[in-house]
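S.K.: Below is the file coords.cif, which contains mmCIF, C-alpha atoms; chains and numbers go by the auth columns.
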data_structure
#
loop_
_atom_site.group_PDB
_atom_site.id
_atom_site.type_symbol
_atom_site.label_atom_id
_atom_site.label_comp_id
_atom_site.label_asym_id
_atom_site.label_seq_id
_atom_site.Cartn_x
_atom_site.Cartn_y
_atom_site.Cartn_z
_atom_site.B_iso_or_equiv
_atom_site.auth_seq_id
_atom_site.auth_asym_id
ATOM 1 C CA MET A 1 0.136 14.674 5.905 0.00 1 A
ATOM 2 C CA ASP A 2 3.022 13.383 3.793 0.00 2 A
ATOM 3 C CA ALA A 3 4.722 10.540 5.593 0.00 3 A
ATOM 4 C CA PRO A 4 8.060 8.820 4.909 0.00 4 A
ATOM 5 C CA ILE A 5 8.572 5.073 5.069 0.00 5 A
ATOM 6 C CA ALA A 6 6.951 3.972 8.329 0.00 6 A
ATOM 7 C CA LYS A 7 9.218 2.637 11.065 0.00 7 A
ATOM 8 C CA LEU A 8 7.429 -0.350 12.492 0.00 8 A
ATOM 9 C CA PRO A 9 8.043 -3.080 15.041 0.00 9 A
ATOM 10 C CA PRO A 10 8.770 -6.631 13.826 0.00 10 A
ATOM 11 C CA PRO A 11 5.703 -8.504 12.464 0.00 11 A
ATOM 12 C CA PRO A 12 3.070 -9.654 13.038 0.00 12 A
ATOM 13 C CA TYR A 13 0.917 -6.530 12.861 0.00 13 A
ATOM 14 C CA TYR A 14 -1.901 -5.364 10.584 0.00 14 A
ATOM 15 C CA ALA A 15 -2.055 -3.105 7.549 0.00 15 A
ATOM 16 C CA VAL A 16 -5.161 -1.280 6.346 0.00 16 A
ATOM 17 C CA ILE A 17 -4.621 -0.592 2.646 0.00 17 A
ATOM 18 C CA PHE A 18 -6.886 2.182 1.377 0.00 18 A
ATOM 19 C CA THR A 19 -6.681 2.746 -2.381 0.00 19 A
ATOM 20 C CA SER A 20 -8.800 5.567 -3.783 0.00 20 A
ATOM 21 C CA LEU A 21 -9.698 7.837 -6.668 0.00 21 A
ATOM 22 C CA ARG A 22 -10.764 11.392 -5.843 0.00 22 A
ATOM 23 C CA THR A 23 -13.547 13.565 -7.167 0.00 23 A
ATOM 24 C CA ASP A 24 -12.574 17.046 -8.406 0.00 24 A
ATOM 25 C CA GLY A 25 -12.012 19.890 -5.955 0.00 25 A
ATOM 26 C CA ASP A 26 -11.017 19.951 -2.301 0.00 26 A
ATOM 27 C CA SER A 27 -14.241 20.527 -0.319 0.00 27 A
ATOM 28 C CA GLY A 28 -12.373 20.261 2.970 0.00 28 A
ATOM 29 C CA TYR A 29 -10.572 17.065 1.995 0.00 29 A
ATOM 30 C CA ASP A 30 -7.042 18.138 2.920 0.00 30 A
ATOM 31 C CA ALA A 31 -8.089 19.541 6.295 0.00 31 A
ATOM 32 C CA MET A 32 -10.017 16.375 7.096 0.00 32 A
ATOM 33 C CA GLY A 33 -7.071 14.238 6.003 0.00 33 A
ATOM 34 C CA ASP A 34 -4.771 16.112 8.371 0.00 34 A
ATOM 35 C CA ARG A 35 -7.311 15.777 11.189 0.00 35 A
ATOM 36 C CA MET A 36 -7.751 12.037 10.601 0.00 36 A
ATOM 37 C CA PHE A 37 -3.984 11.510 10.603 0.00 37 A
ATOM 38 C CA THR A 38 -3.640 13.406 13.888 0.00 38 A
ATOM 39 C CA LEU A 39 -6.543 11.507 15.399 0.00 39 A
ATOM 40 C CA ALA A 40 -5.350 8.090 14.178 0.00 40 A
ATOM 41 C CA GLN A 41 -1.964 8.664 15.806 0.00 41 A
ATOM 42 C CA GLN A 42 -3.704 9.091 19.142 0.00 42 A
ATOM 43 C CA GLN A 43 -5.519 5.744 18.958 0.00 43 A
ATOM 44 C CA ASP A 44 -4.449 2.745 20.961 0.00 44 A
ATOM 45 C CA GLY A 45 -2.671 0.265 18.702 0.00 45 A
ATOM 46 C CA PHE A 46 -1.729 2.738 15.942 0.00 46 A
ATOM 47 C CA LEU A 47 1.763 1.902 14.658 0.00 47 A
ATOM 48 C CA GLY A 48 2.380 4.039 11.584 0.00 48 A
ATOM 49 C CA PHE A 49 1.211 5.491 8.312 0.00 49 A
ATOM 50 C CA GLU A 50 2.269 5.792 4.668 0.00 50 A
ATOM 51 C CA SER A 51 0.405 7.829 2.070 0.00 51 A
ATOM 52 C CA VAL A 52 0.938 8.904 -1.542 0.00 52 A
ATOM 53 C CA ARG A 53 -1.372 10.334 -4.178 0.00 53 A
ATOM 54 C CA ASP A 54 -0.742 10.989 -7.854 0.00 54 A
ATOM 55 C CA GLY A 55 -4.165 10.480 -9.365 0.00 55 A
ATOM 56 C CA LEU A 56 -4.508 7.116 -7.634 0.00 56 A
ATOM 57 C CA GLY A 57 -4.063 7.443 -3.877 0.00 57 A
ATOM 58 C CA ILE A 58 -2.668 4.726 -1.625 0.00 58 A
ATOM 59 C CA THR A 59 -2.820 5.215 2.132 0.00 59 A
ATOM 60 C CA ILE A 60 -1.662 2.441 4.427 0.00 60 A
ATOM 61 C CA SER A 61 -2.130 2.613 8.170 0.00 61 A
ATOM 62 C CA TYR A 62 -0.491 0.030 10.399 0.00 62 A
ATOM 63 C CA TRP A 63 -2.064 -1.330 13.582 0.00 63 A
ATOM 64 C CA ARG A 64 -1.209 -3.693 16.401 0.00 64 A
ATOM 65 C CA ASP A 65 -4.273 -5.929 15.960 0.00 65 A
ATOM 66 C CA LEU A 66 -7.793 -6.221 14.553 0.00 66 A
ATOM 67 C CA GLU A 67 -9.323 -4.801 17.739 0.00 67 A
ATOM 68 C CA SER A 68 -7.518 -1.486 17.311 0.00 68 A
ATOM 69 C CA ILE A 69 -8.607 -1.346 13.647 0.00 69 A
ATOM 70 C CA ARG A 70 -12.229 -2.006 14.633 0.00 70 A
ATOM 71 C CA ALA A 71 -12.127 0.697 17.296 0.00 71 A
ATOM 72 C CA TRP A 72 -10.711 3.223 14.804 0.00 72 A
ATOM 73 C CA ARG A 73 -13.335 2.356 12.177 0.00 73 A
ATOM 74 C CA ALA A 74 -16.055 3.022 14.747 0.00 74 A
ATOM 75 C CA HIS A 75 -14.586 6.304 16.064 0.00 75 A
ATOM 76 C CA ALA A 76 -17.284 8.995 15.805 0.00 76 A
ATOM 77 C CA GLU A 77 -15.193 11.584 13.959 0.00 77 A
ATOM 78 C CA HIS A 78 -13.812 8.933 11.661 0.00 78 A
ATOM 79 C CA LEU A 79 -17.333 7.673 10.866 0.00 79 A
ATOM 80 C CA GLU A 80 -18.253 11.209 9.816 0.00 80 A
ATOM 81 C CA ALA A 81 -15.133 11.392 7.601 0.00 81 A
ATOM 82 C CA GLN A 82 -16.060 8.034 6.034 0.00 82 A
ATOM 83 C CA ARG A 83 -19.552 9.356 5.261 0.00 83 A
ATOM 84 C CA LEU A 84 -18.171 12.542 3.677 0.00 84 A
ATOM 85 C CA GLY A 85 -15.687 10.422 1.747 0.00 85 A
ATOM 86 C CA ARG A 86 -18.480 8.501 0.061 0.00 86 A
ATOM 87 C CA GLU A 87 -20.643 11.596 -0.452 0.00 87 A
ATOM 88 C CA GLN A 88 -18.015 14.065 -1.655 0.00 88 A
ATOM 89 C CA TRP A 89 -14.370 13.089 -1.900 0.00 89 A
ATOM 90 C CA TYR A 90 -14.030 9.691 -3.501 0.00 90 A
ATOM 91 C CA SER A 91 -15.339 8.400 -6.805 0.00 91 A
ATOM 92 C CA ALA A 92 -14.153 4.902 -5.835 0.00 92 A
ATOM 93 C CA TYR A 93 -12.101 3.161 -3.190 0.00 93 A
ATOM 94 C CA SER A 94 -10.988 -0.238 -1.999 0.00 94 A
ATOM 95 C CA LEU A 95 -10.192 -1.063 1.608 0.00 95 A
ATOM 96 C CA ARG A 96 -8.147 -4.141 2.426 0.00 96 A
ATOM 97 C CA VAL A 97 -7.213 -5.409 5.871 0.00 97 A
ATOM 98 C CA ALA A 98 -4.102 -7.566 5.859 0.00 98 A
ATOM 99 C CA LYS A 99 -1.912 -9.279 8.446 0.00 99 A
ATOM 100 C CA VAL A 100 1.761 -8.483 7.876 0.00 100 A
ATOM 101 C CA GLU A 101 3.704 -11.718 8.303 0.00 101 A
ATOM 102 C CA TYR A 102 7.138 -10.698 7.031 0.00 102 A
ATOM 103 C CA SER A 103 9.038 -7.444 6.609 0.00 103 A
ATOM 104 C CA HIS A 104 12.430 -6.451 5.330 0.00 104 A
ATOM 105 C CA ASP A 105 14.004 -2.989 5.489 0.00 105 A
ATOM 106 C CA TRP A 106 16.874 -1.825 3.329 0.00 106 A
ATOM 107 C CA PRO A 107 19.223 -0.485 4.530 0.00 107 A
ATOM 108 C CA ALA A 108 18.675 -2.649 7.622 0.00 108 A
ATOM 109 C CA ARG A 109 17.197 -0.713 10.520 0.00 109 A
ATOM 110 C CA GLN A 110 18.050 -0.594 14.165 0.00 110 A
ATOM 111 C CA ILE A 111 14.782 -0.983 16.063 0.00 111 A
ATOM 112 C CA MET B 1 3.101 1.431 -15.429 0.00 112 B
ATOM 113 C CA ASP B 2 0.325 3.495 -13.832 0.00 113 B
ATOM 114 C CA ALA B 3 -2.393 1.226 -12.564 0.00 114 B
ATOM 115 C CA PRO B 4 -5.914 1.982 -11.311 0.00 115 B
ATOM 116 C CA ILE B 5 -7.495 0.338 -8.274 0.00 116 B
ATOM 117 C CA ALA B 6 -6.827 -3.381 -8.665 0.00 117 B
ATOM 118 C CA LYS B 7 -9.815 -5.649 -9.269 0.00 118 B
ATOM 119 C CA LEU B 8 -9.196 -8.696 -7.127 0.00 119 B
ATOM 120 C CA PRO B 9 -10.988 -11.907 -6.167 0.00 120 B
ATOM 121 C CA PRO B 10 -12.484 -12.230 -2.678 0.00 121 B
ATOM 122 C CA PRO B 11 -9.887 -12.758 0.108 0.00 122 B
ATOM 123 C CA PRO B 12 -7.831 -14.489 1.248 0.00 123 B
ATOM 124 C CA TYR B 13 -4.868 -13.590 -0.964 0.00 124 B
ATOM 125 C CA TYR B 14 -1.508 -11.941 -0.354 0.00 125 B
ATOM 126 C CA ALA B 15 -0.214 -8.374 -0.746 0.00 126 B
ATOM 127 C CA VAL B 16 3.441 -7.430 -1.192 0.00 127 B
ATOM 128 C CA ILE B 17 3.752 -3.823 -0.037 0.00 128 B
ATOM 129 C CA PHE B 18 6.883 -2.173 -1.394 0.00 129 B
ATOM 130 C CA THR B 19 7.490 1.338 -0.040 0.00 130 B
ATOM 131 C CA SER B 20 10.518 3.177 -1.388 0.00 131 B
ATOM 132 C CA LEU B 21 12.495 6.389 -1.749 0.00 132 B
ATOM 133 C CA ARG B 22 14.361 6.951 -5.012 0.00 133 B
ATOM 134 C CA THR B 23 17.827 8.239 -5.743 0.00 134 B
ATOM 135 C CA ASP B 24 18.112 11.110 -8.269 0.00 135 B
ATOM 136 C CA GLY B 25 17.974 10.439 -12.000 0.00 136 B
ATOM 137 C CA ASP B 26 16.438 7.613 -14.003 0.00 137 B
ATOM 138 C CA SER B 27 19.315 5.268 -14.965 0.00 138 B
ATOM 139 C CA GLY B 28 16.924 2.884 -16.675 0.00 139 B
ATOM 140 C CA TYR B 29 14.472 2.801 -13.778 0.00 140 B
ATOM 141 C CA ASP B 30 11.290 3.487 -15.737 0.00 141 B
ATOM 142 C CA ALA B 31 12.111 0.955 -18.429 0.00 142 B
ATOM 143 C CA MET B 32 12.910 -1.685 -15.806 0.00 143 B
ATOM 144 C CA GLY B 33 9.707 -0.845 -13.938 0.00 144 B
ATOM 145 C CA ASP B 34 7.668 -1.394 -17.091 0.00 145 B
ATOM 146 C CA ARG B 35 9.501 -4.651 -17.781 0.00 146 B
ATOM 147 C CA MET B 36 8.962 -5.915 -14.216 0.00 147 B
ATOM 148 C CA PHE B 37 5.249 -5.086 -14.418 0.00 148 B
ATOM 149 C CA THR B 38 4.912 -6.971 -17.719 0.00 149 B
ATOM 150 C CA LEU B 39 6.862 -9.927 -16.348 0.00 150 B
ATOM 151 C CA ALA B 40 4.973 -10.031 -13.027 0.00 151 B
ATOM 152 C CA GLN B 41 1.665 -10.208 -14.888 0.00 152 B
ATOM 153 C CA GLN B 42 2.863 -13.372 -16.621 0.00 153 B
ATOM 154 C CA GLN B 43 3.682 -15.187 -13.368 0.00 154 B
ATOM 155 C CA ASP B 44 1.470 -17.898 -11.971 0.00 155 B
ATOM 156 C CA GLY B 45 -0.527 -16.560 -9.040 0.00 156 B
ATOM 157 C CA PHE B 46 -0.267 -12.857 -9.946 0.00 157 B
ATOM 158 C CA LEU B 47 -3.583 -11.146 -9.183 0.00 158 B
ATOM 159 C CA GLY B 48 -3.050 -7.410 -9.562 0.00 159 B
ATOM 160 C CA PHE B 49 -0.980 -4.326 -9.007 0.00 160 B
ATOM 161 C CA GLU B 50 -1.288 -0.787 -7.626 0.00 161 B
ATOM 162 C CA SER B 51 1.478 1.791 -7.764 0.00 162 B
ATOM 163 C CA VAL B 52 1.907 5.495 -6.971 0.00 163 B
ATOM 164 C CA ARG B 53 4.934 7.712 -6.491 0.00 164 B
ATOM 165 C CA ASP B 54 5.142 11.330 -5.330 0.00 165 B
ATOM 166 C CA GLY B 55 8.490 11.411 -3.562 0.00 166 B
ATOM 167 C CA LEU B 56 7.561 8.365 -1.503 0.00 167 B
ATOM 168 C CA GLY B 57 6.590 5.440 -3.718 0.00 168 B
ATOM 169 C CA ILE B 58 4.129 2.717 -2.778 0.00 169 B
ATOM 170 C CA THR B 59 3.780 -0.308 -5.033 0.00 170 B
ATOM 171 C CA ILE B 60 1.514 -3.163 -3.993 0.00 171 B
ATOM 172 C CA SER B 61 1.380 -6.416 -5.917 0.00 172 B
ATOM 173 C CA TYR B 62 -1.265 -8.996 -5.095 0.00 173 B
ATOM 174 C CA TRP B 63 -0.695 -12.749 -5.261 0.00 174 B
ATOM 175 C CA ARG B 64 -2.643 -15.952 -4.806 0.00 175 B
ATOM 176 C CA ASP B 65 -0.332 -17.414 -2.156 0.00 176 B
ATOM 177 C CA LEU B 66 3.149 -17.343 -0.599 0.00 177 B
ATOM 178 C CA GLU B 67 4.471 -19.856 -3.122 0.00 178 B
ATOM 179 C CA SER B 68 3.776 -17.538 -6.054 0.00 179 B
ATOM 180 C CA ILE B 69 5.460 -14.657 -4.177 0.00 180 B
ATOM 181 C CA ARG B 70 8.527 -16.802 -3.494 0.00 181 B
ATOM 182 C CA ALA B 71 8.753 -17.856 -7.139 0.00 182 B
ATOM 183 C CA TRP B 72 8.549 -14.225 -8.297 0.00 183 B
ATOM 184 C CA ARG B 73 11.208 -13.110 -5.825 0.00 184 B
ATOM 185 C CA ALA B 74 13.541 -15.777 -7.192 0.00 185 B
ATOM 186 C CA HIS B 75 12.866 -15.055 -10.899 0.00 186 B
ATOM 187 C CA ALA B 76 16.226 -14.411 -12.609 0.00 187 B
ATOM 188 C CA GLU B 77 15.291 -11.099 -14.257 0.00 188 B
ATOM 189 C CA HIS B 78 13.609 -9.913 -11.073 0.00 189 B
ATOM 190 C CA LEU B 79 16.705 -10.785 -9.015 0.00 190 B
ATOM 191 C CA GLU B 80 18.754 -8.600 -11.350 0.00 191 B
ATOM 192 C CA ALA B 81 16.236 -5.754 -10.937 0.00 192 B
ATOM 193 C CA GLN B 82 16.430 -6.158 -7.152 0.00 193 B
ATOM 194 C CA ARG B 83 20.223 -5.902 -7.321 0.00 194 B
ATOM 195 C CA LEU B 84 20.092 -2.751 -9.472 0.00 195 B
ATOM 196 C CA GLY B 85 17.478 -1.326 -7.123 0.00 196 B
ATOM 197 C CA ARG B 86 19.841 -1.536 -4.171 0.00 197 B
ATOM 198 C CA GLU B 87 22.851 -0.347 -6.190 0.00 198 B
ATOM 199 C CA GLN B 88 21.277 2.508 -8.120 0.00 199 B
ATOM 200 C CA TRP B 89 17.602 3.319 -7.814 0.00 200 B
ATOM 201 C CA TYR B 90 16.578 3.277 -4.165 0.00 201 B
ATOM 202 C CA SER B 91 17.999 5.152 -1.218 0.00 202 B
ATOM 203 C CA ALA B 92 15.739 3.134 1.096 0.00 203 B
ATOM 204 C CA TYR B 93 12.862 0.686 0.919 0.00 204 B
ATOM 205 C CA SER B 94 10.648 -1.505 3.031 0.00 205 B
ATOM 206 C CA LEU B 95 9.063 -4.715 1.811 0.00 206 B
ATOM 207 C CA ARG B 96 6.107 -6.204 3.681 0.00 207 B
ATOM 208 C CA VAL B 97 4.287 -9.416 2.896 0.00 208 B
ATOM 209 C CA ALA B 98 0.739 -9.477 4.230 0.00 209 B
ATOM 210 C CA LYS B 99 -2.236 -11.808 4.044 0.00 210 B
ATOM 211 C CA VAL B 100 -5.394 -9.943 3.033 0.00 211 B
ATOM 212 C CA GLU B 101 -8.217 -11.181 5.248 0.00 212 B
ATOM 213 C CA TYR B 102 -10.959 -8.682 4.429 0.00 213 B
ATOM 214 C CA SER B 103 -11.759 -6.351 1.563 0.00 214 B
ATOM 215 C CA HIS B 104 -14.459 -3.850 0.773 0.00 215 B
ATOM 216 C CA ASP B 105 -14.994 -2.018 -2.507 0.00 216 B
ATOM 217 C CA TRP B 106 -17.004 1.138 -2.925 0.00 217 B
ATOM 218 C CA PRO B 107 -19.034 1.380 -5.054 0.00 218 B
ATOM 219 C CA ALA B 108 -19.664 -2.349 -4.667 0.00 219 B
ATOM 220 C CA ARG B 109 -18.200 -4.406 -7.486 0.00 220 B
ATOM 221 C CA GLN B 110 -19.611 -7.237 -9.521 0.00 221 B
ATOM 222 C CA ILE B 111 -16.991 -9.971 -9.544 0.00 222 B
#
Please, can you express the file's structure as structure tokens?
M.R.:
Amino acid sequence: MDAPIAKLPPPPYYAVIFTSLRTDGDSGYDAMGDRMFTLAQQQDGFLGFESVRDGLGITISYWRDLESIRAWRAHAEHLEAQRLGREQWYSAYSLRVAKVEYSHDWPARQI
Amino acid sequence: MDAPIAKLPPPPYYAVIFTSLRTDGDSGYDAMGDRMFTLAQQQDGFLGFESVRDGLGITISYWRDLESIRAWRAHAEHLEAQRLGREQWYSAYSLRVAKVEYSHDWPARQI
């Protein structure tokens, strides 16, 4: 599930910033994370993904538009993962939806 | 420099998403990181900060508006840190400026 720096098209596009603190133990968390990453990649409008955890976890998924974000939020398997997240895996989280207006890559990238 | 989930006002506000890969060694990186965090907090329009590294690093700073982001980017000490970052500390990075349109905290927060 580790991802490098995402290679994305030029803006505008959307970022879903998910910042979280975990409860103790795994309880299927890693397997579900892998499944959600695989599933997200298959969704229309998915552009990329960055994720790191060291105590605090930050996962950012990138999407073409708000419609593709809404469709992903309402995906049946994802809804179940969201429910389990609140019940078992997270002690707290914040979700922020943001429109990327500007980006800069160093070293410069060929797209 | 470790930060928990940022407590932010209701949107809209801006996020600067800085995703990076480090070179080997410290070379003053941690000290500069601490200094930049302290300095950023003193800037007009600074709202909050989230940062994690485990190989990939994701640092998100939150700002009131584009003007405050521009002023911080042009701050003399920060410009020097940016120069050292390219010369010494980072093998690659991406910087994305995004307007946060929606946020959701769980458990719900009193603001």
S.K.: Counting all atoms listed in the file, which residues from chain B have an atom at most 10 Å from any atom of chain A, and could you show them as an MDAnalysis selection string?
M.R.: chainID B and resid 113:118 122:132 161:171 197 201:220
S.K.: Which distance in Å separates CA of Arg175 in chain B and CA of Arg133 in chain B, to one decimal?
M.R.: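 Rounded to one decimal, the two atoms are 28.5 Å apart.
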S.K.: Do you know which residues are at most 10 Å from Gln154 in chain B counting all atoms listed in the file, after dropping those on the same chain fewer than 2 positions away, and could you put them as a ChimeraX atom specification?
M.R.: /B:149-152,156-158,174,179-180,182-183,186
S.K.: Quote the spacing between CA of Gly33 in chain A and CA of Glu77 in chain A in Å to one decimal place.
M.R.: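 Answer for the CA of Gly33 in chain A to CA of Glu77 in chain A separation: 11.7 Å.
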S.K.: Mind pulling up the distance from CA of Gly159 in chain B to CA of Arg181 in chain B?
M.R.: 16.1 Å
S.K.: Do a neighbour search on Ala192 in chain B at 10 Å with all atoms listed in the file, toss out local chain neighbours closer than 5 positions, and write the hits as number ranges by chain.
M.R.: B: 140, 143-144, 146-147, 186-187, 197-198, 200
S.K.: Suppose we keep C-alpha atoms; can you now write the selection as a CSV table (one decimal), in the frame of the given file?
M.R.:
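This went into result11.csv:
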chain,number,residue,atom,x,y,z
B,140,TYR,CA,14.5,2.8,-13.8
B,143,MET,CA,12.9,-1.7,-15.8
B,144,GLY,CA,9.7,-0.8,-13.9
B,146,ARG,CA,9.5,-4.7,-17.8
B,147,MET,CA,9.0,-5.9,-14.2
B,186,HIS,CA,12.9,-15.1,-10.9
B,187,ALA,CA,16.2,-14.4,-12.6
B,197,ARG,CA,19.8,-1.5,-4.2
B,198,GLU,CA,22.9,-0.3,-6.2
B,200,TRP,CA,17.6,3.3,-7.8
S.K.: Edge lengths and centre in Å to one decimal, as AutoDock Vina command-line options, of the axis-aligned box that encloses all listed atoms of range 182-189 of chain B with 6 Å added on every side?
M.R.:
--center_x 12.4 --center_y -13.9 --center_z -10.0 --size_x 19.7 --size_y 19.9 --size_z 20.4
S.K.: Can I get C-alpha atoms for range 130-175 of chain B, as an mmCIF file, in the first residue's frame?
M.R.:
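Just written: out-v3.cif:
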data_model
loop_
_atom_site.group_PDB
_atom_site.id
_atom_site.type_symbol
_atom_site.label_atom_id
_atom_site.label_comp_id
_atom_site.auth_asym_id
_atom_site.auth_seq_id
_atom_site.Cartn_x
_atom_site.Cartn_y
_atom_site.Cartn_z
ATOM 1 C CA THR B 130 5.202 15.486 -0.638
ATOM 2 C CA SER B 131 8.892 14.619 -0.595
ATOM 3 C CA LEU B 132 11.634 12.006 -0.672
ATOM 4 C CA ARG B 133 14.775 12.690 1.357
ATOM 5 C CA THR B 134 18.432 12.246 0.564
ATOM 6 C CA ASP B 135 20.530 10.278 3.101
ATOM 7 C CA GLY B 136 21.796 11.928 6.274
ATOM 8 C CA ASP B 137 20.535 14.907 8.249
ATOM 9 C CA SER B 138 22.784 17.868 7.313
ATOM 10 C CA GLY B 139 20.782 20.205 9.516
ATOM 11 C CA TYR B 140 17.420 19.073 8.163
ATOM 12 C CA ASP B 141 15.681 18.444 11.482
ATOM 13 C CA ALA B 142 16.829 21.724 12.983
ATOM 14 C CA MET B 143 15.691 23.625 9.888
ATOM 15 C CA GLY B 144 12.367 21.782 9.938
ATOM 16 C CA ASP B 145 11.780 22.843 13.534
ATOM 17 C CA ARG B 146 12.761 26.419 12.703
ATOM 18 C CA MET B 147 10.449 26.534 9.664
ATOM 19 C CA PHE B 148 7.551 25.194 11.742
ATOM 20 C CA THR B 149 8.131 27.840 14.429
ATOM 21 C CA LEU B 150 8.429 30.577 11.815
ATOM 22 C CA ALA B 151 5.369 29.441 9.825
ATOM 23 C CA GLN B 152 3.244 29.581 12.972
ATOM 24 C CA GLN B 153 4.141 33.254 13.358
ATOM 25 C CA GLN B 154 2.983 34.202 9.850
ATOM 26 C CA ASP B 155 -0.261 36.014 9.229
ATOM 27 C CA GLY B 156 -2.855 33.603 7.875
ATOM 28 C CA PHE B 157 -1.232 30.394 9.167
ATOM 29 C CA LEU B 158 -3.952 28.016 10.374
ATOM 30 C CA GLY B 159 -2.306 24.674 11.088
ATOM 31 C CA PHE B 160 0.096 21.942 10.154
ATOM 32 C CA GLU B 161 0.220 18.158 9.714
ATOM 33 C CA SER B 162 3.377 16.214 8.961
ATOM 34 C CA VAL B 163 4.430 12.559 8.708
ATOM 35 C CA ARG B 164 7.454 10.827 7.236
ATOM 36 C CA ASP B 165 8.138 7.114 6.754
ATOM 37 C CA GLY B 166 10.312 7.098 3.654
ATOM 38 C CA LEU B 167 7.807 9.254 1.795
ATOM 39 C CA GLY B 168 7.097 12.478 3.668
ATOM 40 C CA ILE B 169 3.825 14.387 3.557
ATOM 41 C CA THR B 170 3.643 17.820 5.152
ATOM 42 C CA ILE B 171 0.462 19.858 4.840
ATOM 43 C CA SER B 172 0.264 23.450 6.009
ATOM 44 C CA TYR B 173 -3.078 25.227 6.113
ATOM 45 C CA TRP B 174 -3.544 28.918 5.343
ATOM 46 C CA ARG B 175 -6.299 31.502 5.326
#
